[in-house]
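Heads up, the thing below is written out as structure tokens.
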Amino acid sequence: MKRVQFSHPLLPYMLLLPQLAIVAVFFLWPAGEAIRASFYLEDPFGFGSTFVGLENFSDILTNAEYMRTAWFTLFYTVIVAFFSLSIALLLAVKADAVIHGSATYRTLLMWVYAIAPPVAGLVGIMLFDLHVGPMRDFLAHFGWDMKVGVNYWDTAFVMAIIAVWKQIPVNFIFFLSGLQGVPKSIQEAAAIDCRSGTRRFWSVTFPLLAPTGFFLLIINITYALFDTFGIIDIVLKGEPGNNPITLVYKVYVDGFRGNDLGGSSAQSVILMVLVFALTIVQFRMIERRVHYS
Amino acid sequence: MAKIKLDDIRKVYAGGVEAVKGVSIDIEDGEFIVLVGPSGCGKSTLLRMVAGLEAITSGTAQIGARTVNDVEPADRDIAMVFQNYALYPHMSVYNNMAYGLKNRGTAKAEIESRVREAARILEIEDYLDRKPRALSGGQRQRVAMGRAIVRDPAAFLFDEPLSNLDAKLRVQMRIEIKKLQKSLGTTSIYVTHDQLEAMTLADRLVVLNGGQVEQIGAPIDVYEKPASTFVASFIGSPAMNLLALQKQGQSWQLQEGEGLEIELDVAAEEITLGVRPEDLHIIPQGQTSHGVLTAHLIVSAVEPVGAESYVHGTLGNGGPEVILRAPGKAQFAIGSKLDVTATPDKLHLFDGNTGKRMEITPMRVVA
Amino acid sequence: MKSIKLLDHVILILGALFMLVPVGFAFFTSTHDAISVYQNGLQFTPGGHFVDTYTAVLTEAGGFTKEVTGLTMAWNSLVLGLGFAIGKIIISMLAAYAIVYFRLPLGTFIFWIIFSTLLLPLEVRILPSYEIVQGLGMMNSYSGLIIPLIASATGTFYFRQFFKSVPDELVEAARIDGAGPIKFFIDILVPLSKTMVAAIFIIMFVYGWNQYLWPTLITTDEGYFTLVRGMKQILQVWIGAQIPDTNQAMALAILAMLPPVIIVVIFQSWFVKGLVESEK
């Protein structure tokens, strides 16, 4: 790591001890426990458990409701990632382009980062509320009679729009700093080579932003999968019923409401594999980013 | 103040790369030694081993009477000036200079007087309360020097301390370092890749190449009697012209066969002939050669640098390229043909295979 | 050229409004009384009940939860945010220091153990984590809220990146100046990391303050509820009410977002730098 390092028999281990202890107790143990439990069937009355091999997994993957949730999760992830990335990119490009007030715009577009997903969820469902929601009234003018919590796709729409609203700031911050990181000399060279601003953006700026974009794509997928939990829980008011939910929410519902430990653990393990794959991709991106600079 | 003795120092890295291959140098008390060589020659590694920042794989390093191989850097009684200065960015100039003394438990009053004295010598008294980032490059350089001199160590170690400065400041600081070192009389080892800096600073030069010592000697001796073709081409700018000669019976000729011929009685298979650009002279039109060696130079480029001009050309048509230094504004058309000459005492001969210098005066040189 | 610039501003203003208007509705609604909100829907003009609503939300026990005031929840949020940020910074700085600056025989192995935590977010191991914390008797406690959240090594990763970017020569100069590992850490590395610590502190404070799922599971005693955790409770009271206190719900939402928003806005240059740099 460093050309010159300290060598000391005990000190580094003492420095590492708190971190390692917490990781062992609150990470390795539960993660291992989740993997173990995914191969067992828990007795509903708490009288031990039996090893069932991959049965929990095959049960899940053949379960129509699980697959429906999986498809919705995919759809939701794509929608949230696409809209929050593209709106943020548009705003970042404009904020980078204007000379006056760019600091003000930056503040106005990023502060929502600090709002917790469930708080965003609460404000969101109030706006679309059947009785008091101004957004619902507004959309009713266009003949859209919104019934959040009753109609599947109306609920999905509100869940998505809140998630996009909450995620735009992060993407905006990264895109803007990516744009500001494009060397001025390259922009000047491009301005000499190409008259059209739009063309210049797509042929020069956009490819230079690509590493940031790939990186954000992973971040947004992870966000849509996991961090939207608070939004979904609030929008559904804790009562999923027939409404759309994501895979993470289902782990929670089945584990804590359904008391299906084995099934919930197997779902956790499937998600672990998914996140693991995403993180590997992300690390490779980071390595690539290093080569870019 | 101390002698430093390096005996057969080697550095082998974990991967098996041998960075320093057995270097021995005896450094006198108060001497200014410059380690010079191209990047990757092992000069910095050698210095860092003296400092204790790299472990010595084998061999011994002595500072004063003490073998320091296993002594911590802080206990070696040395001070080091780094290329990027390595000033502590959050400490004032005063604290940067005082930090090492504080760690040694020096009394407060003593620290105060030493830092003030060093600041006075280096003319940075006005900046003592500033942070390094509020200083210019040259001032930071002085602080780094100050940090070294307050400690009054047995030796100063300099690791390319001037390479982050602009050209003008570099020349100025070079002179100041030299003066300072002479007035303090502290043994110093100085690493640089800049041969001009090396020449001007050193009492003795150590030219390193590929982890080995090519030559040790006073700058002027190294310049006038380079021990190898490597030293000959590394020291001096523009570099010495090196011409491969081929054996033709008893005499030696330029490979391309144009002009030059030397009669020598040596056993070598191949010979390289060296001549410095300033030792090649143009024979004015209509005069005959006063030197022994003469050749035709076909001009390919002229670089006027003010007081003199560098004339580039080939010896004969398609022959080896050479440079010569002509005084004043040389005005030669590209492609024009000049007669050039050099005296035998200014010719250097090297074994073509080993590159080592051969001490043979050319018997007879014919054009 | 002029018209293009104008269009840029129009797009940016629309974007800014998109961000602001929902929170504007929340705020203005909180300044009205419950009945007028019930009759007229959410409001976008200031009302005369700002003081009433916020006093009620902050001080009246049982406003929503029947046991806890908004002030208690804000205090709990603060403890969670500060405890998480400070705990994480200390623990991860020490660990990163050991990894970067020491020759460790088991270094690579330890590195991978710590960094494996980046692979699996809390959400996917939520049930066993809950059971373990329950088994350790840490339910309804600040330590049960905070410590398991520190298990993810993001902070260690950030500090490792930062320490690696500190010039090697500083530790070399410090060693020649006679500083050992502890002295170097305290005298040089910690002061050098000030900006980085500030940036990470902001990010981690916001992250801790905004936690939802974990507090939802770990705190059943309302005395440990945080503001964000309280959102769900608000809803459940709200669903059953005759005339829902929408104004108070919105006031609580505003209170829950205010501290992190203020910190992020005030320290935005540090925060942005920390966020962007640390992800590299």
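For the structure tokens, the naming scheme is as follows: chains receive sequential letters (A, B, ...) according to their order of presentation, residues are indexed from 1 within each chain, and ligands are indexed from 1 in presentation order.
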Leaving out Val311 in chain B and any residue of its chain fewer than 4 positions from it, which residues lie within 9 Å of it when counting only C-alpha atoms, given as a CSV table (one decimal) with C-alpha atoms, in the first residue's frame?
chain,number,residue,atom,x,y,z
B,277,PRO,CA,30.9,18.6,-29.5
B,299,VAL,CA,25.0,19.9,-42.2
B,300,SER,CA,21.5,18.7,-41.5
B,301,ALA,CA,20.4,21.3,-38.9
B,302,VAL,CA,21.7,24.3,-37.1
B,303,GLU,CA,20.4,25.3,-33.6
B,304,PRO,CA,21.5,28.8,-32.5
B,322,VAL,CA,27.4,14.2,-34.9
B,323,ILE,CA,26.9,17.5,-33.2
B,324,LEU,CA,29.5,20.2,-32.9
B,325,ARG,CA,29.4,23.4,-31.0
B,326,ALA,CA,30.4,26.4,-33.1
B,330,ALA,CA,27.0,29.9,-37.2
B,332,PHE,CA,25.5,27.2,-42.6
Long-range neighbours of Pro73 in chain B as a ChimeraX atom specification, 9 Å cut-off, only C-alpha atoms, 6 positions minimum in chain: /B:50-53 /C:172,175-178
Could you write out that same residue set with N, CA and C atoms as a PDB file, in the first residue's frame?
ATOM      1  N   VAL B  50      20.159   4.463   2.723  1.00  0.00           N
ATOM      2  CA  VAL B  50      20.977   5.194   3.693  1.00  0.00           C
ATOM      3  C   VAL B  50      20.071   5.837   4.746  1.00  0.00           C
ATOM      4  N   ALA B  51      18.905   6.332   4.292  1.00  0.00           N
ATOM      5  CA  ALA B  51      17.967   6.983   5.212  1.00  0.00           C
ATOM      6  C   ALA B  51      17.280   5.993   6.134  1.00  0.00           C
ATOM      7  N   GLY B  52      17.236   4.729   5.710  1.00  0.00           N
ATOM      8  CA  GLY B  52      16.525   3.734   6.506  1.00  0.00           C
ATOM      9  C   GLY B  52      15.089   3.567   6.096  1.00  0.00           C
ATOM     10  N   LEU B  53      14.712   4.155   4.955  1.00  0.00           N
ATOM     11  CA  LEU B  53      13.334   4.028   4.481  1.00  0.00           C
ATOM     12  C   LEU B  53      13.144   2.758   3.653  1.00  0.00           C
TER      13      LEU B  53
ATOM     14  N   GLU C 172       7.306   9.135   5.490  1.00  0.00           N
ATOM     15  CA  GLU C 172       8.763   8.996   5.499  1.00  0.00           C
ATOM     16  C   GLU C 172       9.410  10.153   6.262  1.00  0.00           C
ATOM     17  N   ARG C 175       8.806   9.698   9.905  1.00  0.00           N
ATOM     18  CA  ARG C 175       9.672   8.694  10.534  1.00  0.00           C
ATOM     19  C   ARG C 175      11.062   9.252  10.773  1.00  0.00           C
ATOM     20  N   ILE C 176      11.564  10.026   9.798  1.00  0.00           N
ATOM     21  CA  ILE C 176      12.878  10.642  10.005  1.00  0.00           C
ATOM     22  C   ILE C 176      12.799  11.650  11.143  1.00  0.00           C
ATOM     23  N   ASP C 177      11.634  12.293  11.277  1.00  0.00           N
ATOM     24  CA  ASP C 177      11.435  13.230  12.385  1.00  0.00           C
ATOM     25  C   ASP C 177      11.147  12.510  13.700  1.00  0.00           C
ATOM     26  N   GLY C 178      11.196  11.204  13.693  1.00  0.00           N
ATOM     27  CA  GLY C 178      11.094  10.468  14.942  1.00  0.00           C
ATOM     28  C   GLY C 178       9.681  10.179  15.423  1.00  0.00           C
TER      29      GLY C 178
END
Interface list for chain C, partner chain B, 12 Å threshold, only C-alpha atoms, as a PyMOL selection string: chain C and resi 166-180+183-184+187-195
Members of range 127-272 of chain A assigned helix (DSSP H, G or I) by DSSP, as a PyMOL selection string: chain A and resi 127+134-141+152-180+184-193+197-227+229-235+247-257+261-272
Shell of 8 Å around range 19-36 of chain B, only C-alpha atoms, local chain residues under 4 positions omitted, as number ranges by chain: B: 1-13, 40-43, 45-46, 59, 181-182, 185-195, 198, 201-208, 210-213
Proximal residues of chain A relative to chain B (only C-alpha atoms; 10 Å) as a ChimeraX atom specification: /A:3-5
For the residues in that selection, give me N, CA and C atoms as a short mmCIF file (atom, residue, chain, number, x, y, z; two decimals), in the first residue's frame.
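To be explicit, this is the file written out as out_39.cif:
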data_model
loop_
_atom_site.label_atom_id
_atom_site.label_comp_id
_atom_site.auth_asym_id
_atom_site.auth_seq_id
_atom_site.Cartn_x
_atom_site.Cartn_y
_atom_site.Cartn_z
N ARG A 3 4.89 2.77 0.37
CA ARG A 3 6.28 2.34 0.19
C ARG A 3 6.89 1.98 1.53
N VAL A 4 6.60 2.83 2.50
CA VAL A 4 7.14 2.60 3.84
C VAL A 4 5.97 2.31 4.77
N GLN A 5 6.03 1.20 5.46
CA GLN A 5 4.96 0.87 6.38
C GLN A 5 5.54 0.68 7.76
#
Option closest in space to chain C, from A:Ser185, A:Asn220, A:Thr107, A:Thr212 [counting only C-alpha atoms]: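 Checking each of A:Ser185, A:Asn220, A:Thr107, A:Thr212 against chain C, counting only C-alpha atoms, the winner is A:Thr107.
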Distance in Å - CA of Asp245 in chain C versus CA of Thr72 in chain C: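 Interatomic distance here is 19.4 Å.
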6 Å contacts from chain C to chain A using only C-alpha atoms, as a list in words: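 So the residues of chain C near chain A are Asp8, Ala16, Gly41, Leu42, Ile91, Leu94, Ala95, Ala98, Val100, Tyr101, Phe102, Arg103, Leu119, Val124, Arg125, Pro128, Ser129, Pro148, Ala151, Asn210, Ala253, Met257, Pro260 and Val261 of chain C.
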Those in range 209-298 of chain B with strand (DSSP E or B) from DSSP, as a compact mmCIF listing (two decimals) with C-alpha atoms, in the first residue's frame:
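Wrote out04.txt, looks like this:
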# COMPACT_ATOMS: atom_id res chain seq x y z
CA ASN B 209 23.52 2.85 -14.27
CA GLN B 212 25.81 -0.30 -10.51
CA VAL B 213 28.45 2.37 -10.16
CA GLU B 214 29.80 3.42 -13.53
CA GLN B 215 32.23 5.97 -12.21
CA ILE B 216 33.13 7.91 -9.11
CA GLY B 217 35.16 11.05 -9.33
CA SER B 228 32.52 4.30 -20.12
CA ASN B 241 29.60 12.09 -30.16
CA LEU B 242 30.20 8.34 -30.16
CA LEU B 243 31.33 6.74 -33.40
CA ALA B 244 31.69 3.03 -33.97
CA LEU B 245 34.94 2.10 -35.69
CA GLN B 246 35.70 -1.02 -37.70
CA LYS B 247 39.00 -2.76 -37.96
CA GLN B 248 40.75 -2.61 -41.32
CA SER B 251 43.96 0.63 -38.76
CA TRP B 252 40.37 1.48 -37.78
CA GLN B 253 37.77 3.16 -39.92
CA LEU B 254 34.33 4.61 -39.56
CA GLU B 261 41.02 6.39 -40.17
CA ILE B 262 43.04 5.70 -37.01
CA GLU B 263 46.05 3.52 -36.56
CA ILE B 271 36.09 0.31 -30.79
CA THR B 272 33.93 3.33 -30.10
CA LEU B 273 35.50 6.71 -30.66
CA GLY B 274 34.21 9.61 -28.62
CA VAL B 275 34.63 13.30 -29.20
CA HIS B 281 36.25 22.39 -34.86
CA ILE B 282 35.31 23.69 -38.27
CA LEU B 293 41.61 14.12 -37.37
CA THR B 294 39.69 15.60 -40.23
CA ALA B 295 36.38 14.64 -41.72
CA HIS B 296 33.60 15.99 -43.88
CA LEU B 297 30.45 17.07 -42.14
CA ILE B 298 27.25 17.49 -44.12
Selected residue of minimal separation from Asp129 in chain B among B:Asn95, B:Ser163, B:Ser336, B:Ser58, counting only C-alpha atoms: B:Asn95
All residues 7 Å or closer to range 212-224 of chain C, only C-alpha atoms, same chain fewer than 6 positions away omitted, as a PyMOL selection string: (chain A and resi 230) or (chain C and resi 67-68+76+139-140+145)
